[in-house]
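**Student:** Below is the file entry_25.txt, with compact mmCIF, C-alpha atoms.
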# COMPACT_ATOMS: atom_id res chain seq x y z
CA MET A 1 115.89 144.89 151.97
CA LYS A 2 119.41 145.19 153.26
CA ASN A 3 118.87 148.88 153.96
CA VAL A 4 115.92 148.09 156.15
CA THR A 5 117.87 145.59 158.26
CA ASP A 6 120.79 147.94 158.44
CA SER A 7 118.42 150.55 159.82
CA PHE A 8 117.37 148.19 162.60
CA VAL A 9 120.96 147.26 163.34
CA SER A 10 121.95 150.87 163.51
CA LEU A 11 119.22 151.42 166.08
CA GLY A 12 121.19 149.20 168.40
CA TYR A 13 124.14 151.55 168.39
CA TRP A 14 122.19 154.51 169.50
CA PRO A 15 122.71 155.39 173.02
CA SER A 16 119.74 154.79 175.13
CA ALA A 17 118.69 157.61 177.35
CA GLY A 18 116.79 155.37 179.58
CA SER A 19 113.46 156.48 178.41
CA PHE A 20 111.29 156.04 175.43
CA GLY A 21 110.09 159.16 173.64
CA PHE A 22 109.51 160.87 170.40
CA ASN A 23 112.28 162.33 168.42
CA THR A 24 111.05 165.55 166.91
CA ASP A 25 113.97 166.00 164.61
CA ILE A 26 112.28 165.35 161.28
CA LEU A 27 115.48 165.14 159.30
CA ALA A 28 116.92 162.44 161.53
CA THR A 29 113.79 160.37 162.08
CA ASN A 30 112.03 160.64 158.75
CA PRO A 31 114.39 158.43 156.73
CA ILE A 32 114.36 155.91 159.54
CA ASN A 33 110.56 155.91 159.79
CA LEU A 34 110.18 155.71 156.06
CA SER A 35 112.61 152.85 155.78
CA VAL A 36 110.81 150.99 158.58
CA VAL A 37 107.40 151.56 157.03
CA LEU A 38 108.63 150.63 153.56
CA GLY A 39 110.35 147.56 154.93
CA VAL A 40 107.21 146.40 156.72
CA LEU A 41 105.08 147.16 153.65
CA ILE A 42 107.45 145.32 151.36
CA PHE A 43 107.82 142.37 153.70
CA PHE A 44 104.15 141.93 154.51
CA GLY A 45 102.58 143.63 151.48
CA LYS A 46 104.62 141.80 148.88
CA GLY A 47 102.39 138.73 149.00
CA VAL A 48 99.19 140.78 149.13
CA LEU A 49 100.34 143.02 146.31
CA SER A 50 101.46 139.99 144.32
CA ASP A 51 98.06 138.35 144.89
CA LEU A 52 96.23 141.53 143.89
CA LEU A 53 98.34 141.84 140.75
CA ASP A 54 97.87 138.15 139.95
CA ASN A 55 94.09 138.49 140.44
CA ARG A 56 94.07 141.60 138.30
CA LYS A 57 96.17 139.79 135.66
CA GLN A 58 93.76 136.81 135.71
CA ARG A 59 90.73 139.11 135.37
CA ILE A 60 92.38 140.90 132.47
CA LEU A 61 93.28 137.58 130.82
CA ASN A 62 89.75 136.26 131.42
CA THR A 63 88.31 139.46 130.00
CA ILE A 64 90.58 139.13 126.96
CA ARG A 65 89.59 135.45 126.52
CA ASN A 66 85.91 136.32 126.88
CA SER A 67 86.35 139.17 124.44
CA GLU A 68 88.07 136.84 121.97
CA GLU A 69 85.29 134.26 122.37
CA LEU A 70 82.65 136.95 121.92
CA ARG A 71 84.57 138.32 118.94
CA GLY A 72 84.73 134.82 117.44
CA GLY A 73 81.01 134.32 118.07
CA ALA A 74 80.25 137.74 116.60
CA ILE A 75 82.35 136.96 113.52
CA GLU A 76 80.56 133.62 113.16
CA GLN A 77 77.17 135.31 113.50
CA LEU A 78 78.27 137.98 111.04
CA GLU A 79 79.26 135.31 108.51
CA LYS A 80 75.95 133.51 109.04
CA ALA A 81 74.09 136.80 108.61
CA ARG A 82 76.06 137.55 105.44
CA ALA A 83 75.29 134.07 104.11
CA ARG A 84 71.60 134.55 104.91
CA LEU A 85 71.72 137.99 103.27
CA ARG A 86 73.28 136.52 100.13
CA LYS A 87 70.67 133.75 100.11
CA VAL A 88 67.82 136.24 100.59
CA GLU A 89 69.26 138.49 97.87
CA MET A 90 69.48 135.53 95.49
CA GLU A 91 65.91 134.51 96.35
CA ALA A 92 64.76 138.11 95.87
CA ASP A 93 66.50 138.27 92.49
CA GLN A 94 64.96 134.94 91.49
CA TYR A 95 61.55 136.08 92.69
CA ARG A 96 61.97 139.36 90.81
CA VAL A 97 62.95 137.52 87.61
CA ASN A 98 60.04 135.08 88.01
CA GLU A 99 57.59 137.90 88.68
CA TYR A 100 58.85 139.90 85.68
CA SER A 101 58.54 136.87 83.42
CA ASP A 102 55.09 136.12 84.88
CA ILE A 103 54.06 139.73 84.31
CA GLU A 104 55.34 139.55 80.72
CA ARG A 105 53.49 136.26 80.18
CA GLN A 106 50.28 137.74 81.60
CA LYS A 107 50.77 140.83 79.44
CA LEU A 108 51.15 138.70 76.31
CA ASN A 109 48.10 136.61 77.29
CA LEU A 110 46.11 139.79 77.85
CA ILE A 111 47.25 141.22 74.52
CA ASN A 112 46.35 137.96 72.74
CA SER A 113 42.99 137.80 74.49
CA ASN A 114 42.23 141.43 73.65
CA SER A 115 43.35 140.82 70.07
CA LYS A 116 40.94 137.88 69.78
CA ASP A 117 38.16 139.93 71.37
CA LEU A 118 38.81 142.79 68.96
CA GLU A 119 38.79 140.37 66.04
CA GLN A 120 35.48 138.90 67.21
CA LEU A 121 34.06 142.40 67.66
CA GLU A 122 35.27 143.35 64.19
CA ASN A 123 33.64 140.23 62.73
CA SER A 124 30.44 140.90 64.64
CA LYS A 125 30.48 144.51 63.46
CA ASN A 126 31.00 143.42 59.85
CA GLU A 127 28.19 140.85 60.14
CA THR A 128 25.88 143.46 61.67
CA ILE A 129 26.75 145.94 58.91
CA TYR A 130 26.13 143.27 56.23
CA PHE A 131 22.83 142.29 57.88
CA GLU A 132 21.74 145.94 58.11
CA GLN A 133 22.73 146.50 54.47
CA GLN A 134 20.72 143.47 53.37
CA ARG A 135 17.76 144.61 55.46
CA ALA A 136 17.99 148.12 54.02
CA ILE A 137 18.27 146.70 50.49
CA ASN A 138 15.25 144.46 51.10
CA GLN A 139 13.28 147.38 52.50
CA VAL A 140 14.20 149.49 49.48
CA ARG A 141 13.27 146.63 47.15
CA GLN A 142 9.94 146.15 48.90
CA ARG A 143 9.21 149.85 48.68
CA VAL A 144 10.26 150.00 45.05
CA PHE A 145 8.19 146.88 44.35
CA GLN A 146 5.18 148.33 46.20
CA GLN A 147 5.50 151.61 44.39
CA ALA A 148 5.93 149.85 41.03
CA LEU A 149 2.97 147.63 41.82
CA GLN A 150 0.87 150.61 42.84
CA LYS A 151 1.90 152.47 39.69
CA ALA A 152 1.18 149.41 37.56
CA LEU A 153 -2.24 149.01 39.21
CA ARG A 154 -3.00 152.67 38.65
CA THR A 155 -1.87 152.37 35.07
CA LEU A 156 -3.86 149.19 34.55
CA ASN A 157 -6.90 150.63 36.22
CA SER A 158 -6.75 153.70 34.10
CA CYS A 159 -6.06 151.77 30.85
CA LEU A 160 -8.20 148.74 31.33
CA ASN A 161 -11.75 148.57 30.50
CA ASN A 162 -14.03 145.66 31.23
CA GLU A 163 -13.33 143.78 28.04
CA LEU A 164 -9.54 144.04 28.37
CA HIS A 165 -9.89 143.08 31.99
CA LEU A 166 -11.81 139.91 31.17
CA ARG A 167 -9.31 138.92 28.48
CA THR A 168 -6.37 139.34 30.92
CA ILE A 169 -8.17 137.19 33.47
CA SER A 170 -8.90 134.52 30.87
CA ALA A 171 -5.26 134.50 29.71
CA ASN A 172 -4.04 134.13 33.26
CA ILE A 173 -6.50 131.31 33.93
CA GLY A 174 -5.25 129.60 30.78
CA MET A 175 -1.66 129.90 31.93
CA PHE A 176 -2.52 128.44 35.33
CA GLU A 177 -4.33 125.52 33.72
CA ALA A 178 -1.33 124.86 31.45
CA MET A 179 0.98 124.95 34.42
CA LYS A 180 -1.31 122.57 36.26
CA GLU A 181 -1.25 120.10 33.40
CA ILE A 182 2.55 120.28 33.22
CA THR A 183 2.93 119.60 36.93
CA ASP A 184 0.48 116.71 36.85
Please re-express this file's structure in structure tokens.

**Tutor:**
Amino acid sequence: MKNVTDSFVSLGYWPSAGSFGFNTDILATNPINLSVVLGVLIFFGKGVLSDLLDNRKQRILNTIRNSEELRGGAIEQLEKARARLRKVEMEADQYRVNEYSDIERQKLNLINSNSKDLEQLENSKNETIYFEQQRAINQVRQRVFQQALQKALRTLNSCLNNELHLRTISANIGMFEAMKEITD
């Protein structure tokens, strides 16, 4: 700042030619012009520059504060999201375990039910086989009985004459009468 005022003071020592004009000597006037311009800029621009820098500093500080707040909010949201993720993972694991145990229980129930059904079918099959065996045995017995009866009738018819026939009838009537007397 002292250099600037010295420049103005030194202007007073210059001889005045009586007129105002431009000095075209660049080497002589340039340092003077620069010092005047810099002096004016520093004197008047110092406050403006200081205000601009202060405003810029405040914006940067506000941006940093906002960034810190946003970072804090993002960290909080991240922690909440992680907590929700852990909770959902635990619920999914619990659901998976419950579903697996339910599936196993249903599988065992199905196996037991099918086992009972197979047992009932086996019993039904055995009963049907026994019934069919009895029916077949009865049919064979009836056929054998019919054939034996037919053979006996043929034999009797061929062997019997009228007299033997009448004696057999009389014997049978006697047996029936004896049975009737016993029952009465």

**Student:** For the atom pair CA of Ile42 (chain A) and CA of Asp54 (chain A), what is the interatomic distance in Å to one decimal place?

**Tutor:**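 Distance between the two atoms: 16.5 Å.
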
**Student:** Mind pulling up the distance from CA of Thr128 (chain A) to CA of Val144 (chain A)?

**Tutor:** 23.7 Å

**Student:** Can you sort out the box for region 102-112 of chain A, edges along x, y and z, all listed atoms in, 4 Å on every side, with centre and edge lengths in Å to one decimal, as lines of an AutoDock Vina configuration file?

**Tutor:**
center_x = 50.7
center_y = 138.7
center_z = 78.8
size_x = 17.2
size_y = 13.1
size_z = 20.1
